[in-house]
Amino acid sequence: MRKIFTNLLSVILIGIISGVFSGTFLFLLEKITNFRTSHSWIIFLLPIFGFLYKKSLNKLPDEMSHGMMHILESRRPSLLLAPFIFLASLGTHLFGGSAGREGVGVIMGASSSQVFKRNKDLKEFLIPMGMACGFASIFGTPLAGIVFCFELEKFKTLSLKKVFFISLSAYVSHFISGVITHHTSYPEVMVEWGPQLITHLIASSLAVIIAGYLFFEAMKKLHKVGLNIFWVSVLIVGIVFLFDAEKYTGLGLPLLQESLTTDMGIKVFFYKFILTVLTLSVGYKGGEVTPLFIMGANFSTFISNQFGLKNITLSGGLGMLGLFGALAHTPFAAGFMALEIFNWETAILVFITSFIGRAALRKRSIYH
């Protein structure tokens, strides 16, 4: 009985720690985003931040520069990884890099779960549990977080015990994060069943495949080149000020919300694509998912427009989550996310779009 109580307490504490990390990160992210938008000059400091960030990486263990899949496969992330990615990601957003937030939450969750690595009963669950907590608390979608961690593991070693522990910790993390800060709100998606829905699926799937291919290949090629972070940062600053592209920097939540209600044209996809690829290809921390949300929503709306479709919220929603599900190879997580932030009808359509995109993109994935 004592052992059961100890395990349950540990699982709850993992959820609390992850929720505190994610909630605090989101709270500070909102503050520094407001500061950056009201003090445009700070973007000029991005090259200096990039130079110092790269210097610090050279003096730290190699794992500080690794991503999610390395952590999932190594199973031994350092406890130092959580505070490091927390600060590095806030710096990326403060100085105008275009990045996301899911990488921060998931890696912080996986890292902080190692507090309990001596617990033999939980040892094999800690990494997926931490990842589920991080995803759930960053996006406010606990069901999607639970499915996300199992999908990354390709649904291996499923057991009732594992599902229960991970679900409990994910919901605790989601609750704690919600107490600290508010989560993003999304417009309602109206789905009208009929022949036109097939056209929506075709248009959105096409957008997901094209956008996914372009993003993956651009990231792959720039990684191989090995660009200098200082000069790429100078290029980002130049693009922002020469083309008045400041609203495409940072996380871009207002841009995402607007993309789901308004046809903003192909330029939104173009600018967010360029700035995100440049930011992430040189190693800045943050994540890919929220920028992919914006790119997917805008490109799907653009393609749907060519088909004469006018339901912008549906087109945007399918592209937003479809691109994430396809490029992350997590169509089920994308579907559950749609269920939590939209409705069950959209969830079905998002799963189909993600599945088609994932099949077409084959091995191309942001996590491999």
# chains A, B, ... in the order shown; residues from 1 in each chain; ligands from 1
$ closest_atom_pairs --of "segment 142-234 of chain A" --to "segment 310-325 of chain A" --cutoff "6 Å" --atoms "only C-alpha atoms" --output "JSON lines"
{"residue": "A:Val189", "atom": "CA", "partner": "A:Leu314", "partner_atom": "CA", "distance": 5.6}
{"residue": "A:Ser204", "atom": "CA", "partner": "A:Gly319", "partner_atom": "CA", "distance": 5.6}
{"residue": "A:Val208", "atom": "CA", "partner": "A:Leu323", "partner_atom": "CA", "distance": 5.0}
$ residues_around --residues "Leu26 of chain A" --least-positions-apart "3" --cutoff "12 Å" --atoms "only C-alpha atoms" --output "PyMOL selection string"
chain A and resi 19-23+29-33+86+89-90+93+100-102+104-105+134+137-140+177-184+251+253+286
$ residues_around --residues "segment 242-247 of chain A" --least-positions-apart "6" --cutoff "10 Å" --atoms "only C-alpha atoms" --output "PyMOL selection string"
chain A and resi 36-37+40+43+96+98+236+253-255+268+271-272+275
$ closest_residue --among "A:His200, A:Lys55, A:Lys154, A:Lys3" --to "His329 of chain A" --atoms "only C-alpha atoms"
A:Lys154
$ select_by_dssp --residues "segment 157-211 of chain A" --states "helix (DSSP H, G or I)" --output "PyMOL selection string"
chain A and resi 160-180+195-211
$ write_last_selection --atoms "N, CA and C atoms" --output "short mmCIF file (atom, residue, chain, number, x, y, z; two decimals), in the first residue's frame"
data_model
loop_
_atom_site.label_atom_id
_atom_site.label_comp_id
_atom_site.auth_asym_id
_atom_site.auth_seq_id
_atom_site.Cartn_x
_atom_site.Cartn_y
_atom_site.Cartn_z
N LEU A 160 -1.93 -0.82 -18.88
CA LEU A 160 -2.92 -0.05 -18.14
C LEU A 160 -2.24 0.85 -17.11
N LYS A 161 -1.21 0.32 -16.48
CA LYS A 161 -0.47 1.08 -15.47
C LYS A 161 0.19 2.31 -16.10
N LYS A 162 0.81 2.11 -17.24
CA LYS A 162 1.49 3.22 -17.92
C LYS A 162 0.50 4.28 -18.37
N VAL A 163 -0.62 3.85 -18.95
CA VAL A 163 -1.64 4.79 -19.40
C VAL A 163 -2.20 5.59 -18.22
N PHE A 164 -2.45 4.91 -17.12
CA PHE A 164 -3.01 5.58 -15.93
C PHE A 164 -2.04 6.62 -15.38
N PHE A 165 -0.79 6.22 -15.17
CA PHE A 165 0.20 7.14 -14.59
C PHE A 165 0.42 8.36 -15.49
N ILE A 166 0.57 8.12 -16.80
CA ILE A 166 0.81 9.22 -17.72
C ILE A 166 -0.40 10.15 -17.81
N SER A 167 -1.59 9.57 -17.81
CA SER A 167 -2.81 10.37 -17.88
C SER A 167 -2.97 11.23 -16.62
N LEU A 168 -2.73 10.65 -15.47
CA LEU A 168 -2.84 11.38 -14.21
C LEU A 168 -1.87 12.56 -14.18
N SER A 169 -0.61 12.30 -14.52
CA SER A 169 0.40 13.37 -14.47
C SER A 169 0.10 14.46 -15.50
N ALA A 170 -0.40 14.07 -16.70
CA ALA A 170 -0.70 15.05 -17.75
C ALA A 170 -1.83 15.99 -17.32
N TYR A 171 -2.87 15.44 -16.71
CA TYR A 171 -4.00 16.27 -16.26
C TYR A 171 -3.60 17.17 -15.10
N VAL A 172 -2.75 16.67 -14.20
CA VAL A 172 -2.26 17.51 -13.10
C VAL A 172 -1.44 18.67 -13.66
N SER A 173 -0.55 18.36 -14.61
CA SER A 173 0.28 19.38 -15.24
C SER A 173 -0.56 20.44 -15.95
N HIS A 174 -1.55 19.97 -16.69
CA HIS A 174 -2.48 20.88 -17.38
C HIS A 174 -3.20 21.80 -16.40
N PHE A 175 -3.65 21.25 -15.29
CA PHE A 175 -4.37 22.04 -14.28
C PHE A 175 -3.45 23.10 -13.66
N ILE A 176 -2.25 22.69 -13.27
CA ILE A 176 -1.30 23.62 -12.62
C ILE A 176 -0.92 24.75 -13.57
N SER A 177 -0.65 24.42 -14.81
CA SER A 177 -0.31 25.43 -15.81
C SER A 177 -1.44 26.43 -15.98
N GLY A 178 -2.67 25.91 -16.00
CA GLY A 178 -3.85 26.77 -16.16
C GLY A 178 -4.08 27.69 -14.99
N VAL A 179 -3.63 27.28 -13.81
CA VAL A 179 -3.74 28.14 -12.63
C VAL A 179 -2.78 29.34 -12.74
N ILE A 180 -1.60 29.07 -13.31
CA ILE A 180 -0.57 30.11 -13.42
C ILE A 180 -0.87 31.10 -14.54
N PRO A 195 -20.84 17.33 -50.05
CA PRO A 195 -19.81 17.10 -51.08
C PRO A 195 -18.64 18.08 -50.99
N GLN A 196 -18.93 19.33 -50.57
CA GLN A 196 -17.88 20.35 -50.51
C GLN A 196 -16.81 20.01 -49.48
N LEU A 197 -17.17 19.17 -48.51
CA LEU A 197 -16.22 18.78 -47.48
C LEU A 197 -15.06 17.97 -48.07
N ILE A 198 -15.36 17.20 -49.12
CA ILE A 198 -14.32 16.43 -49.81
C ILE A 198 -13.30 17.39 -50.43
N THR A 199 -13.81 18.47 -51.00
CA THR A 199 -12.91 19.47 -51.60
C THR A 199 -12.04 20.13 -50.53
N HIS A 200 -12.63 20.39 -49.36
CA HIS A 200 -11.85 20.93 -48.24
C HIS A 200 -10.71 20.00 -47.86
N LEU A 201 -11.01 18.72 -47.78
CA LEU A 201 -9.98 17.73 -47.43
C LEU A 201 -8.88 17.67 -48.49
N ILE A 202 -9.27 17.73 -49.75
CA ILE A 202 -8.29 17.69 -50.85
C ILE A 202 -7.39 18.93 -50.79
N ALA A 203 -8.01 20.11 -50.65
CA ALA A 203 -7.26 21.36 -50.62
C ALA A 203 -6.31 21.42 -49.42
N SER A 204 -6.82 21.06 -48.24
CA SER A 204 -6.00 21.12 -47.02
C SER A 204 -4.89 20.08 -47.05
N SER A 205 -5.19 18.89 -47.54
CA SER A 205 -4.17 17.84 -47.63
C SER A 205 -3.06 18.25 -48.59
N LEU A 206 -3.44 18.85 -49.70
CA LEU A 206 -2.46 19.35 -50.68
C LEU A 206 -1.58 20.41 -50.05
N ALA A 207 -2.19 21.32 -49.29
CA ALA A 207 -1.44 22.39 -48.62
C ALA A 207 -0.46 21.80 -47.60
N VAL A 208 -0.93 20.82 -46.84
CA VAL A 208 -0.09 20.17 -45.81
C VAL A 208 1.11 19.47 -46.45
N ILE A 209 0.88 18.78 -47.55
CA ILE A 209 1.97 18.05 -48.21
C ILE A 209 3.02 19.02 -48.76
N ILE A 210 2.56 20.06 -49.44
CA ILE A 210 3.51 21.03 -50.04
C ILE A 210 4.27 21.78 -48.95
N ALA A 211 3.54 22.31 -47.94
CA ALA A 211 4.18 23.07 -46.87
C ALA A 211 5.13 22.19 -46.06
#
$ residues_around --residues "Leu256 of chain A" --least-positions-apart "4" --cutoff "7 Å" --atoms "only C-alpha atoms" --output "JSON, numbers by chain"
{"A": [252, 260, 294]}
$ residues_around --residues "segment 222-227 of chain A" --least-positions-apart "6" --cutoff "9 Å" --atoms "only C-alpha atoms" --output "list in words"
Val277, Leu278, Ser281 and Val282 of chain A
$ write_last_selection --atoms "C-alpha atoms" --output "PDB file, in the first residue's frame"
ATOM      1  CA  VAL A 277      13.626  28.176 -40.949  1.00  0.00           C
ATOM      2  CA  LEU A 278      16.439  30.688 -40.431  1.00  0.00           C
ATOM      3  CA  SER A 281      18.310  25.957 -38.542  1.00  0.00           C
ATOM      4  CA  VAL A 282      21.073  27.721 -36.581  1.00  0.00           C
TER       5      VAL A 282
END
$ closest_residue --among "A:Lys285, A:Ala88, A:Thr330, A:Asn298" --to "Thr261 of chain A" --atoms "only C-alpha atoms"
A:Asn298
$ closest_residue --among "A:Val234, A:Ala144, A:Ala99, A:Leu28" --to "Leu46 of chain A" --atoms "only C-alpha atoms"
A:Val234
$ residues_around --residues "Asn119 of chain A" --least-positions-apart "5" --cutoff "10 Å" --atoms "only C-alpha atoms" --output "short mmCIF file (atom, residue, chain, number, x, y, z; two decimals) with N, CA and C atoms, in the first residue's frame"
data_model
loop_
_atom_site.label_atom_id
_atom_site.label_comp_id
_atom_site.auth_asym_id
_atom_site.auth_seq_id
_atom_site.Cartn_x
_atom_site.Cartn_y
_atom_site.Cartn_z
N THR A 6 3.35 6.00 -2.69
CA THR A 6 4.60 6.68 -3.09
C THR A 6 4.62 6.93 -4.60
N ASN A 7 4.21 5.91 -5.36
CA ASN A 7 4.19 6.05 -6.82
C ASN A 7 3.18 7.10 -7.27
N SER A 10 4.53 10.52 -6.50
CA SER A 10 5.60 10.87 -7.45
C SER A 10 5.03 11.32 -8.79
N GLN A 114 13.20 13.50 -14.24
CA GLN A 114 14.36 12.75 -13.76
C GLN A 114 14.64 12.93 -12.27
N GLU A 124 10.78 3.40 -16.27
CA GLU A 124 10.51 3.25 -17.70
C GLU A 124 9.41 4.19 -18.20
N LEU A 126 9.08 7.50 -17.01
CA LEU A 126 9.40 8.89 -16.71
C LEU A 126 9.48 9.79 -17.94
#
$ atom_distance --atom1 "atom CA of Ile48 of chain A" --atom2 "atom CA of Glu217 of chain A"
28.0 Å
$ closest_residue --among "A:Ile42, A:Ile229, A:Ala328, A:Met219" --to "Cys149 of chain A" --atoms "only C-alpha atoms"
A:Ala328
$ decode --residues "segment 92-218 of chain A" --atoms "C-alpha atoms" --output "mmCIF file, in the first residue's frame"
data_model
loop_
_atom_site.group_PDB
_atom_site.id
_atom_site.type_symbol
_atom_site.label_atom_id
_atom_site.label_comp_id
_atom_site.auth_asym_id
_atom_site.auth_seq_id
_atom_site.Cartn_x
_atom_site.Cartn_y
_atom_site.Cartn_z
ATOM 1 C CA THR A 92 14.974 33.477 -28.597
ATOM 2 C CA HIS A 93 11.515 35.049 -28.257
ATOM 3 C CA LEU A 94 12.709 38.187 -26.494
ATOM 4 C CA PHE A 95 15.157 39.117 -29.255
ATOM 5 C CA GLY A 96 12.853 38.317 -32.163
ATOM 6 C CA GLY A 97 13.613 34.788 -33.275
ATOM 7 C CA SER A 98 10.664 32.987 -34.892
ATOM 8 C CA ALA A 99 10.096 29.825 -32.865
ATOM 9 C CA GLY A 100 7.450 27.816 -31.063
ATOM 10 C CA ARG A 101 6.896 26.547 -27.537
ATOM 11 C CA GLU A 102 6.165 22.814 -27.648
ATOM 12 C CA GLY A 103 9.849 21.879 -27.644
ATOM 13 C CA VAL A 104 10.298 23.866 -24.451
ATOM 14 C CA GLY A 105 7.390 22.240 -22.630
ATOM 15 C CA VAL A 106 8.130 18.675 -23.732
ATOM 16 C CA ILE A 107 11.870 18.821 -23.018
ATOM 17 C CA MET A 108 11.354 20.593 -19.663
ATOM 18 C CA GLY A 109 8.821 17.919 -18.715
ATOM 19 C CA ALA A 110 11.142 15.064 -19.693
ATOM 20 C CA SER A 111 14.083 16.658 -17.896
ATOM 21 C CA SER A 112 12.235 17.505 -14.678
ATOM 22 C CA SER A 113 10.810 13.956 -14.476
ATOM 23 C CA GLN A 114 14.362 12.753 -13.765
ATOM 24 C CA VAL A 115 13.987 13.962 -10.179
ATOM 25 C CA PHE A 116 12.363 10.553 -9.619
ATOM 26 C CA LYS A 117 14.774 8.416 -11.669
ATOM 27 C CA ARG A 118 15.648 6.290 -8.619
ATOM 28 C CA ASN A 119 12.079 5.049 -8.415
ATOM 29 C CA LYS A 120 12.378 1.660 -10.157
ATOM 30 C CA ASP A 121 8.603 1.300 -10.575
ATOM 31 C CA LEU A 122 8.395 4.539 -12.571
ATOM 32 C CA LYS A 123 11.771 4.532 -14.328
ATOM 33 C CA GLU A 124 10.507 3.252 -17.704
ATOM 34 C CA PHE A 125 7.557 5.706 -17.642
ATOM 35 C CA LEU A 126 9.397 8.895 -16.709
ATOM 36 C CA ILE A 127 10.379 10.201 -20.153
ATOM 37 C CA PRO A 128 6.994 9.680 -21.879
ATOM 38 C CA MET A 129 5.281 10.939 -18.730
ATOM 39 C CA GLY A 130 7.347 14.117 -18.748
ATOM 40 C CA MET A 131 6.706 14.627 -22.459
ATOM 41 C CA ALA A 132 2.957 14.197 -22.027
ATOM 42 C CA CYS A 133 2.992 16.659 -19.128
ATOM 43 C CA GLY A 134 4.954 19.205 -21.137
ATOM 44 C CA PHE A 135 2.673 19.007 -24.174
ATOM 45 C CA ALA A 136 -0.499 19.064 -22.064
ATOM 46 C CA SER A 137 0.580 22.062 -20.001
ATOM 47 C CA ILE A 138 1.998 24.120 -22.880
ATOM 48 C CA PHE A 139 -1.024 23.798 -25.165
ATOM 49 C CA GLY A 140 -3.765 23.202 -22.606
ATOM 50 C CA THR A 141 -4.647 19.907 -24.300
ATOM 51 C CA PRO A 142 -4.107 16.980 -21.885
ATOM 52 C CA LEU A 143 -5.706 14.307 -24.095
ATOM 53 C CA ALA A 144 -3.506 15.304 -27.038
ATOM 54 C CA GLY A 145 -0.472 15.321 -24.734
ATOM 55 C CA ILE A 146 -1.169 11.755 -23.602
ATOM 56 C CA VAL A 147 -1.640 10.499 -27.165
ATOM 57 C CA PHE A 148 1.385 12.510 -28.365
ATOM 58 C CA CYS A 149 3.843 10.705 -26.092
ATOM 59 C CA PHE A 150 2.473 7.268 -27.033
ATOM 60 C CA GLU A 151 2.574 8.138 -30.724
ATOM 61 C CA LEU A 152 6.194 9.252 -30.514
ATOM 62 C CA GLU A 153 6.935 5.830 -29.023
ATOM 63 C CA LYS A 154 4.845 4.247 -31.815
ATOM 64 C CA PHE A 155 2.472 2.830 -29.175
ATOM 65 C CA LYS A 156 5.129 0.441 -27.855
ATOM 66 C CA THR A 157 4.966 -1.094 -24.355
ATOM 67 C CA LEU A 158 1.371 -0.075 -23.704
ATOM 68 C CA SER A 159 -0.043 -1.133 -20.350
ATOM 69 C CA LEU A 160 -2.919 -0.048 -18.137
ATOM 70 C CA LYS A 161 -0.466 1.081 -15.475
ATOM 71 C CA LYS A 162 1.489 3.219 -17.922
ATOM 72 C CA VAL A 163 -1.643 4.793 -19.402
ATOM 73 C CA PHE A 164 -3.009 5.577 -15.933
ATOM 74 C CA PHE A 165 0.201 7.140 -14.595
ATOM 75 C CA ILE A 166 0.810 9.224 -17.722
ATOM 76 C CA SER A 167 -2.812 10.369 -17.877
ATOM 77 C CA LEU A 168 -2.839 11.383 -14.212
ATOM 78 C CA SER A 169 0.401 13.369 -14.474
ATOM 79 C CA ALA A 170 -0.701 15.051 -17.752
ATOM 80 C CA TYR A 171 -3.997 16.266 -16.262
ATOM 81 C CA VAL A 172 -2.256 17.509 -13.105
ATOM 82 C CA SER A 173 0.284 19.380 -15.241
ATOM 83 C CA HIS A 174 -2.480 20.877 -17.385
ATOM 84 C CA PHE A 175 -4.365 22.040 -14.280
ATOM 85 C CA ILE A 176 -1.301 23.619 -12.622
ATOM 86 C CA SER A 177 -0.305 25.430 -15.807
ATOM 87 C CA GLY A 178 -3.850 26.766 -16.161
ATOM 88 C CA VAL A 179 -3.738 28.140 -12.628
ATOM 89 C CA ILE A 180 -0.572 30.115 -13.420
ATOM 90 C CA THR A 181 -1.595 31.464 -16.828
ATOM 91 C CA HIS A 182 -4.309 31.280 -19.476
ATOM 92 C CA HIS A 183 -4.133 29.115 -22.583
ATOM 93 C CA THR A 184 -4.718 30.222 -26.169
ATOM 94 C CA SER A 185 -8.341 30.515 -27.265
ATOM 95 C CA TYR A 186 -9.436 29.559 -30.790
ATOM 96 C CA PRO A 187 -12.473 30.500 -32.899
ATOM 97 C CA GLU A 188 -15.321 28.030 -33.367
ATOM 98 C CA VAL A 189 -15.094 25.864 -36.470
ATOM 99 C CA MET A 190 -18.368 25.224 -38.304
ATOM 100 C CA VAL A 191 -18.477 21.965 -40.271
ATOM 101 C CA GLU A 192 -21.212 21.470 -42.858
ATOM 102 C CA TRP A 193 -21.346 17.879 -44.053
ATOM 103 C CA GLY A 194 -21.722 17.543 -47.804
ATOM 104 C CA PRO A 195 -19.808 17.096 -51.075
ATOM 105 C CA GLN A 196 -17.884 20.352 -50.514
ATOM 106 C CA LEU A 197 -16.216 18.781 -47.477
ATOM 107 C CA ILE A 198 -14.315 16.432 -49.807
ATOM 108 C CA THR A 199 -12.911 19.473 -51.603
ATOM 109 C CA HIS A 200 -11.855 20.933 -48.241
ATOM 110 C CA LEU A 201 -9.985 17.734 -47.430
ATOM 111 C CA ILE A 202 -8.287 17.694 -50.847
ATOM 112 C CA ALA A 203 -7.259 21.363 -50.617
ATOM 113 C CA SER A 204 -5.998 21.122 -47.024
ATOM 114 C CA SER A 205 -4.168 17.838 -47.632
ATOM 115 C CA LEU A 206 -2.464 19.346 -50.678
ATOM 116 C CA ALA A 207 -1.437 22.388 -48.615
ATOM 117 C CA VAL A 208 -0.093 20.169 -45.814
ATOM 118 C CA ILE A 209 1.967 18.053 -48.212
ATOM 119 C CA ILE A 210 3.509 21.031 -50.035
ATOM 120 C CA ALA A 211 4.181 23.071 -46.868
ATOM 121 C CA GLY A 212 5.535 20.019 -45.030
ATOM 122 C CA TYR A 213 7.883 19.113 -47.865
ATOM 123 C CA LEU A 214 9.192 22.667 -48.187
ATOM 124 C CA PHE A 215 9.757 23.080 -44.446
ATOM 125 C CA PHE A 216 11.507 19.741 -43.967
ATOM 126 C CA GLU A 217 13.762 20.075 -46.996
ATOM 127 C CA ALA A 218 14.688 23.688 -46.170
#
